[in-house]
file data34.cif (mmCIF, C-alpha atoms)
data_query
loop_
_atom_site.label_atom_id
_atom_site.label_comp_id
_atom_site.auth_asym_id
_atom_site.auth_seq_id
_atom_site.Cartn_x
_atom_site.Cartn_y
_atom_site.Cartn_z
CA MET U 27 -8.01 19.49 -5.77
CA GLU U 28 -7.26 21.44 -2.61
CA GLU U 29 -3.91 20.74 -0.96
CA GLN U 30 -3.18 21.39 2.68
CA SER U 31 0.34 22.75 3.26
CA ALA U 32 2.49 22.40 6.36
CA ASN U 33 1.54 25.98 7.31
CA ASN U 34 -2.15 25.36 7.00
CA PRO U 35 -4.01 25.15 10.32
CA PHE U 36 -5.94 22.19 8.94
CA LEU U 37 -2.81 20.08 8.69
CA VAL U 38 -3.59 16.73 10.39
CA ASP U 39 -1.17 17.09 13.26
CA SER U 40 -3.00 15.45 16.17
CA LEU U 41 -5.67 12.92 16.98
CA ASN U 42 -7.94 15.85 17.83
CA HIS U 43 -8.06 16.97 14.21
CA PRO U 44 -11.54 16.46 12.65
CA LEU U 45 -10.09 14.20 9.96
CA ALA U 46 -8.30 11.91 12.41
CA GLY U 47 -11.48 10.31 13.76
CA PRO U 48 -12.75 8.97 10.42
CA ILE U 49 -9.30 7.58 9.56
CA ARG U 50 -9.19 5.64 12.80
CA LYS U 51 -12.76 4.43 12.31
CA LEU U 52 -11.95 3.05 8.87
CA LEU U 53 -9.38 0.71 10.40
CA THR U 54 -12.33 -1.26 11.82
CA ARG U 55 -15.10 -3.29 10.25
CA GLU U 56 -17.74 -1.33 12.15
CA GLY U 57 -16.26 1.97 10.98
CA ARG U 58 -16.25 0.95 7.32
CA ARG U 59 -19.85 -0.13 7.62
CA GLU U 60 -20.93 3.07 9.37
CA LEU U 61 -19.13 5.49 7.04
CA ASN U 62 -19.59 3.46 3.84
CA GLN U 63 -15.97 4.24 3.03
CA ILE U 64 -12.71 2.30 2.85
CA LEU U 65 -9.03 3.00 3.37
CA ILE U 66 -6.58 2.16 0.56
CA ASP U 67 -2.84 2.07 1.27
CA ASP U 68 0.01 2.84 -1.14
CA GLU U 69 0.03 4.69 -4.43
CA GLU U 70 0.03 1.55 -6.58
CA ASN U 71 -3.17 0.30 -4.97
CA ILE U 72 -4.82 3.72 -5.09
CA LEU U 73 -4.10 4.01 -8.81
CA GLN U 74 -5.53 0.52 -9.40
CA ALA U 75 -8.69 1.54 -7.58
CA ILE U 76 -9.02 4.77 -9.57
CA GLU U 77 -8.51 2.90 -12.85
CA ALA U 78 -11.33 0.54 -11.84
CA GLY U 79 -13.66 3.49 -11.23
CA VAL U 80 -13.47 3.75 -7.44
CA GLU U 81 -14.29 7.26 -6.23
CA ILE U 82 -11.61 8.81 -4.01
CA ASP U 83 -12.73 11.20 -1.30
CA SER U 84 -9.35 12.30 0.04
CA LEU U 85 -5.64 11.50 -0.10
CA TYR U 86 -3.11 11.63 2.76
CA TYR U 87 0.67 11.60 2.82
CA ALA U 88 3.16 11.72 5.68
CA GLY U 89 6.84 11.90 6.43
CA GLU U 90 9.04 12.20 3.37
CA GLU U 91 6.37 10.75 1.07
CA THR U 92 5.40 12.74 -2.00
CA VAL U 93 2.33 12.49 -4.18
CA SER U 94 3.32 11.71 -7.77
CA ASP U 95 2.06 13.78 -10.67
CA THR U 96 0.35 10.67 -12.03
CA LEU U 97 -1.71 10.25 -8.87
CA ARG U 98 -2.49 13.95 -8.66
CA LYS U 99 -3.76 14.00 -12.25
CA ASN U 100 -5.92 10.92 -11.82
CA LEU U 101 -7.56 11.67 -8.49
CA THR U 102 -11.33 11.97 -8.48
CA ALA U 103 -12.44 15.53 -9.16
CA GLY U 104 -12.92 17.33 -5.87
CA ALA U 105 -10.74 14.94 -3.86
CA THR U 106 -8.61 16.76 -1.31
CA ILE U 107 -4.94 16.15 -0.50
CA HIS U 108 -3.79 16.40 3.10
CA GLU U 109 -0.45 16.20 4.83
CA VAL U 110 -0.28 14.19 8.05
CA ALA U 111 2.40 14.91 10.61
CA LYS U 112 4.76 11.95 10.89
CA ARG U 113 4.22 11.53 14.62
CA THR U 114 0.46 11.68 14.12
CA THR U 115 0.61 8.93 11.52
CA LYS U 116 2.05 6.54 14.10
CA LYS U 117 -0.73 7.44 16.52
CA LEU U 118 -3.44 7.06 13.89
CA PHE U 119 -2.48 3.51 13.00
CA GLU U 120 -1.33 2.39 16.46
CA ASN U 121 -0.94 -1.41 16.22
CA ASP U 122 -1.99 -1.58 12.56
CA LYS U 123 0.50 -1.39 9.71
CA ILE U 124 1.51 2.24 9.27
CA SER U 125 0.86 3.76 5.87
CA ARG U 126 2.76 6.82 4.65
CA ILE U 127 0.38 7.44 1.76
CA PHE U 128 -3.24 6.37 1.78
CA ALA U 129 -6.63 7.34 0.46
CA ILE U 130 -10.16 7.31 1.76
CA ALA U 131 -12.56 6.08 -0.91
CA TYR U 132 -16.26 5.41 -1.17
CA THR U 133 -17.14 1.73 -0.85
CA PRO U 134 -17.86 0.17 -4.25
CA GLN U 135 -21.43 -0.97 -4.81
CA PRO U 136 -21.98 -4.58 -3.63
CA VAL U 137 -22.29 -7.25 -6.31
CA GLY U 138 -24.85 -10.04 -5.88
CA LEU U 139 -25.39 -13.47 -7.39
CA GLU U 140 -27.44 -12.09 -10.28
CA ALA U 141 -24.18 -10.72 -11.71
CA LEU U 142 -23.25 -14.31 -12.63
CA LYS U 143 -25.79 -14.20 -15.45
CA SER U 144 -23.72 -11.64 -17.34
CA ILE U 145 -20.30 -13.26 -16.79
CA LYS U 146 -19.27 -15.54 -19.65
CA LYS U 147 -15.89 -16.59 -18.26
CA ASP U 148 -15.13 -18.93 -15.37
CA VAL U 149 -15.82 -17.69 -11.85
CA VAL U 150 -13.68 -18.62 -8.86
CA VAL U 151 -15.70 -19.58 -5.79
CA LEU U 152 -13.95 -19.33 -2.42
CA GLU U 153 -15.78 -20.82 0.53
CA ASP U 154 -14.96 -19.68 4.06
CA LEU U 155 -11.50 -18.36 3.22
CA SER U 156 -10.28 -15.80 5.72
CA ILE U 157 -6.55 -15.39 5.12
CA SER U 158 -5.97 -12.16 3.19
CA GLY U 159 -2.79 -13.46 1.56
CA ASN U 160 -4.58 -16.41 -0.01
CA ILE U 161 -7.52 -14.38 -1.25
CA GLY U 162 -5.20 -11.66 -2.55
CA ASN U 163 -2.97 -14.11 -4.41
CA ILE U 164 -5.97 -15.84 -5.98
CA THR U 165 -7.42 -12.48 -7.01
CA ARG U 166 -4.20 -11.47 -8.78
CA THR U 167 -3.92 -14.85 -10.49
CA SER U 168 -7.57 -14.71 -11.53
CA LEU U 169 -7.15 -11.33 -13.18
CA ALA U 170 -3.91 -12.40 -14.87
CA LEU U 171 -5.46 -15.54 -16.35
CA GLY U 172 -8.68 -13.98 -17.57
CA VAL U 173 -11.21 -15.18 -14.98
CA GLY U 174 -14.56 -13.42 -15.04
CA GLY U 175 -15.07 -12.85 -11.33
CA ILE U 176 -14.66 -14.10 -7.78
CA LEU U 177 -17.44 -15.27 -5.50
CA LEU U 178 -16.71 -15.31 -1.77
CA LEU U 179 -19.05 -17.49 0.24
CA ASN U 180 -19.97 -16.50 3.79
CA MET U 181 -17.90 -13.32 3.79
CA ASP U 182 -19.35 -10.11 5.16
CA PRO U 183 -19.29 -7.67 2.19
CA VAL U 184 -17.58 -5.06 4.36
CA ASP U 185 -14.61 -7.41 4.80
CA LEU U 186 -13.93 -7.38 1.08
CA TYR U 187 -12.29 -4.03 1.53
CA ASP U 188 -10.19 -4.69 4.60
CA ARG U 189 -6.93 -2.85 3.90
CA ARG U 190 -4.95 -6.08 4.37
CA LEU U 191 -6.89 -7.76 1.58
CA ILE U 192 -6.52 -4.74 -0.68
CA ARG U 193 -2.75 -4.81 -0.17
CA ALA U 194 -2.55 -8.57 -0.69
CA SER U 195 -4.33 -8.26 -4.02
CA ARG U 196 -2.14 -5.29 -5.06
CA GLY U 197 -5.37 -3.38 -5.60
CA TYR U 198 -6.55 -5.78 -8.31
CA LEU U 199 -9.69 -6.77 -6.42
CA PHE U 200 -11.18 -3.51 -7.69
CA SER U 201 -10.76 -4.75 -11.28
CA LEU U 202 -12.86 -7.92 -10.94
CA PRO U 203 -16.48 -8.46 -9.97
CA MET U 204 -16.22 -9.49 -6.31
CA ILE U 205 -19.46 -11.21 -5.36
CA THR U 206 -20.53 -12.23 -1.86
CA ALA U 207 -23.24 -14.70 -0.88
CA SER U 208 -24.01 -17.42 1.63
CA THR U 209 -23.31 -21.03 0.70
CA ALA U 210 -27.05 -21.79 0.89
CA ASP U 211 -28.00 -18.96 -1.47
CA PHE U 212 -25.20 -19.88 -3.86
CA LEU U 213 -26.24 -23.53 -4.07
CA ASP U 214 -29.86 -22.51 -4.56
CA TYR U 215 -28.76 -20.27 -7.43
CA CYS U 216 -26.71 -23.09 -8.98
CA LYS U 217 -29.65 -25.47 -8.84
CA LYS U 218 -32.09 -23.00 -10.37
CA ASN U 219 -29.71 -22.01 -13.15
CA ASN U 220 -28.15 -25.41 -13.92
CA GLU U 221 -24.64 -24.15 -13.23
CA SER U 222 -21.55 -26.29 -13.81
CA LEU U 223 -19.86 -26.43 -10.40
CA MET U 224 -16.38 -27.93 -10.04
CA VAL U 225 -14.67 -28.85 -6.77
CA MET U 226 -11.26 -30.28 -5.99
CA ASP U 227 -11.18 -33.88 -4.76
CA MET U 228 -7.90 -35.71 -4.29
CA HIS U 229 -9.67 -39.00 -5.06
CA ALA U 230 -11.40 -37.81 -8.25
CA ASP U 231 -10.93 -39.85 -11.42
CA LYS U 232 -10.51 -36.75 -13.58
CA ALA U 233 -7.24 -34.79 -13.47
CA VAL U 234 -7.34 -31.01 -13.56
CA ASP U 235 -5.82 -30.76 -17.06
CA GLU U 236 -8.83 -32.64 -18.44
CA ILE U 237 -11.11 -29.66 -17.86
CA ALA U 238 -9.08 -27.47 -20.22
CA ALA U 239 -11.29 -28.35 -23.19
CA THR U 240 -14.64 -27.86 -21.42
CA PRO U 241 -16.34 -25.43 -23.84
CA HIS U 242 -18.52 -23.54 -21.35
CA ARG U 243 -18.14 -21.51 -18.20
CA LEU U 244 -17.35 -23.26 -14.95
CA LEU U 245 -17.76 -22.21 -11.35
CA LEU U 246 -14.46 -23.33 -9.79
CA ALA U 247 -14.86 -23.89 -6.05
CA PHE U 248 -12.05 -23.94 -3.50
CA GLY U 249 -12.10 -24.27 0.27
CA SER U 250 -9.35 -24.11 2.83
CA GLU U 251 -6.28 -26.33 2.49
CA LYS U 252 -7.20 -28.18 5.68
CA ASP U 253 -10.92 -28.75 5.20
CA GLY U 254 -11.67 -28.08 1.53
CA CYS U 255 -15.20 -27.11 0.58
CA SER U 256 -18.18 -27.92 2.75
CA ALA U 257 -20.05 -31.19 2.30
CA GLU U 258 -22.95 -29.18 0.87
CA VAL U 259 -20.81 -27.73 -1.92
CA GLU U 260 -19.11 -31.05 -2.61
CA ASN U 261 -22.47 -32.83 -2.87
CA ALA U 262 -23.79 -30.18 -5.26
CA ALA U 263 -20.74 -30.33 -7.55
CA THR U 264 -21.34 -31.46 -11.11
CA MET U 265 -17.63 -32.12 -11.62
CA LYS U 266 -14.78 -33.24 -9.37
CA VAL U 267 -11.11 -33.05 -10.34
CA ARG U 268 -7.76 -33.64 -8.70
CA ILE U 269 -4.29 -32.20 -9.06
CA PRO U 270 -1.82 -35.09 -9.39
CA ILE U 271 0.88 -34.54 -6.77
CA SER U 272 3.62 -36.62 -5.19
CA ASP U 273 2.55 -38.80 -2.28
CA LYS U 274 5.37 -37.14 -0.35
CA VAL U 275 3.16 -34.03 -0.07
CA GLU U 276 -0.17 -34.19 1.71
CA SER U 277 -1.82 -31.17 0.09
CA LEU U 278 -1.31 -27.87 -1.69
CA ASN U 279 -2.04 -24.37 -0.42
CA VAL U 280 -5.38 -23.15 -1.76
CA SER U 281 -3.76 -20.35 -3.78
CA ALA U 282 -1.43 -22.88 -5.44
CA SER U 283 -4.36 -25.19 -6.24
CA ALA U 284 -6.31 -22.29 -7.68
CA GLY U 285 -3.34 -21.14 -9.77
CA ILE U 286 -2.85 -24.58 -11.31
CA THR U 287 -6.57 -24.94 -12.04
CA LEU U 288 -6.89 -21.48 -13.55
CA TYR U 289 -3.89 -22.04 -15.77
CA SER U 290 -5.54 -25.18 -17.12
CA ARG U 291 -8.55 -23.03 -18.03
CA SER U 292 -6.62 -20.01 -19.30
CA LYS U 293 -7.17 -20.69 -23.01
CA PHE U 294 -10.93 -20.73 -22.52
CA ASN U 295 -10.96 -17.63 -20.33
CA GLN U 296 -8.54 -15.57 -22.41
CA ALA U 297 -10.46 -16.39 -25.59
CA ASN U 298 -13.81 -15.18 -24.26
#
call {"tool": "encode", "arguments": {"input": "data34.cif", "output": "structure tokens"}}
result
Amino acid sequence: MEEQSANNPFLVDSLNHPLAGPIRKLLTREGRRELNQILIDDEENILQAIEAGVEIDSLYYAGEETVSDTLRKNLTAGATIHEVAKRTTKKLFENDKISRIFAIAYTPQPVGLEALKSIKKDVVVLEDLSISGNIGNITRTSLALGVGGILLLNMDPVDLYDRRLIRASRGYLFSLPMITASTADFLDYCKKNNESLMVMDMHADKAVDEIAATPHRLLLAFGSEKDGCSAEVENAATMKVRIPISDKVESLNVSASAGITLYSRSKFNQAN
């Protein structure tokens, strides 16, 4: 690994530096698509990505930040380490959240619906979710409770690796199969492969704890707190369940609903 020192003329000390342009590009969806690279903030998230096999191109640190020995030892062979002038860091990120240590990595290979055939554990299906905090929380809970993967319906694959979503998941999204597909393609796959699809329905007869003993994999679908899943997904469901809650509360946040449901299935998922 080649390190740039403060005395090196290639120190990133202005927006005119050749490395500044790609960094700024990767803050946008179009830039990530064009360069086929992503930006990962914070050492914890970078290490999670490396552990999951993500290839790091380069690492950047600024201000008083230091690069730990652990990160140095685990960086992808050939990855370069660069210092960024503190004032330049602020200019690079402008209105985005400033990062004092970050990496540029190559975008992981996309995962399609065919991956479901090799997953034996439950898969969480998230339809039209856009809030990074919700998706990140569900991702962390899914990994903790042994889920086999996450399927995001109607999400542009390039948005999987928005830096906000990476941070919200604490980097754990790199450790699970993250599948993207349209609702139409997903439902077509379910029909052709006789999948067991579960949705939440506050009026369902079956309570969520009753699915604990289901002896085979389930596709567990969740929509937004306000609208739930689409009518198409609800109509295709082979199972509907509810979470019994007090009538003083209208609904639960989607990440809370997912957490309760996944806990009810944790024995199945952690045993497989």
call {"tool": "closest_residue", "arguments": {"input": "data34.cif", "among": "U:Phe294, U:Tyr187, U:Phe212, U:Tyr87", "to": "Tyr132 of chain U", "atoms": "only C-alpha atoms"}}
result
U:Tyr187
call {"tool": "atom_distance", "arguments": {"input": "data34.cif", "atom1": "atom CA of Leu139 of chain U", "atom2": "atom CA of Arg243 of chain U"}}
result
15.3 Å
call {"tool": "atom_distance", "arguments": {"input": "data34.cif", "atom1": "atom CA of His229 of chain U", "atom2": "atom CA of Ala282 of chain U"}}
result
18.1 Å
call {"tool": "resolve_selection", "arguments": {"input": "data34.cif", "expression": "the PyMOL selection byres ((chain U and resi 70-76) around 6)", "output": "PyMOL selection string"}}
result
chain U and resi 68-69+77-80+196-197+200
call {"tool": "write_last_selection", "arguments": {"input": "data34.cif", "atoms": "C-alpha atoms", "output": "compact mmCIF listing (two decimals), keeping the file's coordinate frame"}}
result
# COMPACT_ATOMS: atom_id res chain seq x y z
CA ASP U 68 0.01 2.84 -1.14
CA GLU U 69 0.03 4.69 -4.43
CA GLU U 77 -8.51 2.90 -12.85
CA ALA U 78 -11.33 0.54 -11.84
CA GLY U 79 -13.66 3.49 -11.23
CA VAL U 80 -13.47 3.75 -7.44
CA ARG U 196 -2.14 -5.29 -5.06
CA GLY U 197 -5.37 -3.38 -5.60
CA PHE U 200 -11.18 -3.51 -7.69
call {"tool": "closest_residue", "arguments": {"input": "data34.cif", "among": "U:Ile192, U:Leu155, U:Val149, U:Val234", "to": "Ile66 of chain U", "atoms": "all atoms listed in the file"}}
result
U:Ile192
call {"tool": "atom_distance", "arguments": {"input": "data34.cif", "atom1": "atom CA of Thr287 of chain U", "atom2": "atom CA of Leu245 of chain U"}}
result
11.5 Å
call {"tool": "closest_residue", "arguments": {"input": "data34.cif", "among": "U:Ser84, U:Thr115, U:Gln296, U:Ser222", "to": "Leu101 of chain U", "atoms": "all atoms listed in the file"}}
result
U:Ser84
call {"tool": "residues_near_point", "arguments": {"input": "data34.cif", "point": "(-14.9, -10.4, -13.6)", "cutoff": "8 Å", "atoms": "all atoms listed in the file", "output": "ChimeraX atom specification"}}
result
/U:145,147,149,169,173-176,201-204
call {"tool": "build_atoms", "arguments": {"input": "data34.cif", "residues": "segment 202-214 of chain U", "atoms": "N, CA, C and O atoms", "output": "short mmCIF file (atom, residue, chain, number, x, y, z; two decimals), keeping the file's coordinate frame"}}
result
data_model
loop_
_atom_site.label_atom_id
_atom_site.label_comp_id
_atom_site.auth_asym_id
_atom_site.auth_seq_id
_atom_site.Cartn_x
_atom_site.Cartn_y
_atom_site.Cartn_z
N LEU U 202 -12.05 -6.73 -10.69
CA LEU U 202 -12.86 -7.92 -10.94
C LEU U 202 -14.18 -7.80 -10.21
O LEU U 202 -14.24 -7.21 -9.13
N PRO U 203 -15.26 -8.37 -10.77
CA PRO U 203 -16.48 -8.46 -9.97
C PRO U 203 -16.21 -9.32 -8.74
O PRO U 203 -15.80 -10.47 -8.87
N MET U 204 -16.42 -8.76 -7.56
CA MET U 204 -16.22 -9.49 -6.31
C MET U 204 -17.60 -9.67 -5.68
O MET U 204 -18.20 -8.74 -5.16
N ILE U 205 -18.09 -10.89 -5.75
CA ILE U 205 -19.46 -11.21 -5.36
C ILE U 205 -19.45 -11.88 -3.98
O ILE U 205 -18.57 -12.70 -3.70
N THR U 206 -20.40 -11.55 -3.14
CA THR U 206 -20.53 -12.23 -1.86
C THR U 206 -21.91 -12.85 -1.73
O THR U 206 -22.90 -12.30 -2.23
N ALA U 207 -21.96 -14.01 -1.10
CA ALA U 207 -23.24 -14.70 -0.88
C ALA U 207 -23.02 -15.78 0.17
O ALA U 207 -21.89 -16.17 0.46
N SER U 208 -24.09 -16.29 0.72
CA SER U 208 -24.01 -17.42 1.63
C SER U 208 -23.91 -18.70 0.80
O SER U 208 -24.31 -18.74 -0.38
N THR U 209 -23.37 -19.75 1.40
CA THR U 209 -23.31 -21.03 0.70
C THR U 209 -24.70 -21.49 0.30
O THR U 209 -24.92 -21.97 -0.83
N ALA U 210 -25.68 -21.34 1.18
CA ALA U 210 -27.05 -21.79 0.89
C ALA U 210 -27.63 -21.05 -0.31
O ALA U 210 -28.21 -21.67 -1.22
N ASP U 211 -27.46 -19.73 -0.35
CA ASP U 211 -28.00 -18.96 -1.47
C ASP U 211 -27.27 -19.30 -2.77
O ASP U 211 -27.88 -19.37 -3.84
N PHE U 212 -25.98 -19.52 -2.67
CA PHE U 212 -25.20 -19.88 -3.86
C PHE U 212 -25.66 -21.22 -4.44
O PHE U 212 -25.88 -21.35 -5.64
N LEU U 213 -25.83 -22.21 -3.58
CA LEU U 213 -26.24 -23.53 -4.07
C LEU U 213 -27.66 -23.49 -4.63
O LEU U 213 -27.97 -24.18 -5.61
N ASP U 214 -28.51 -22.68 -4.03
CA ASP U 214 -29.86 -22.51 -4.56
C ASP U 214 -29.81 -21.89 -5.95
O ASP U 214 -30.53 -22.32 -6.87
#
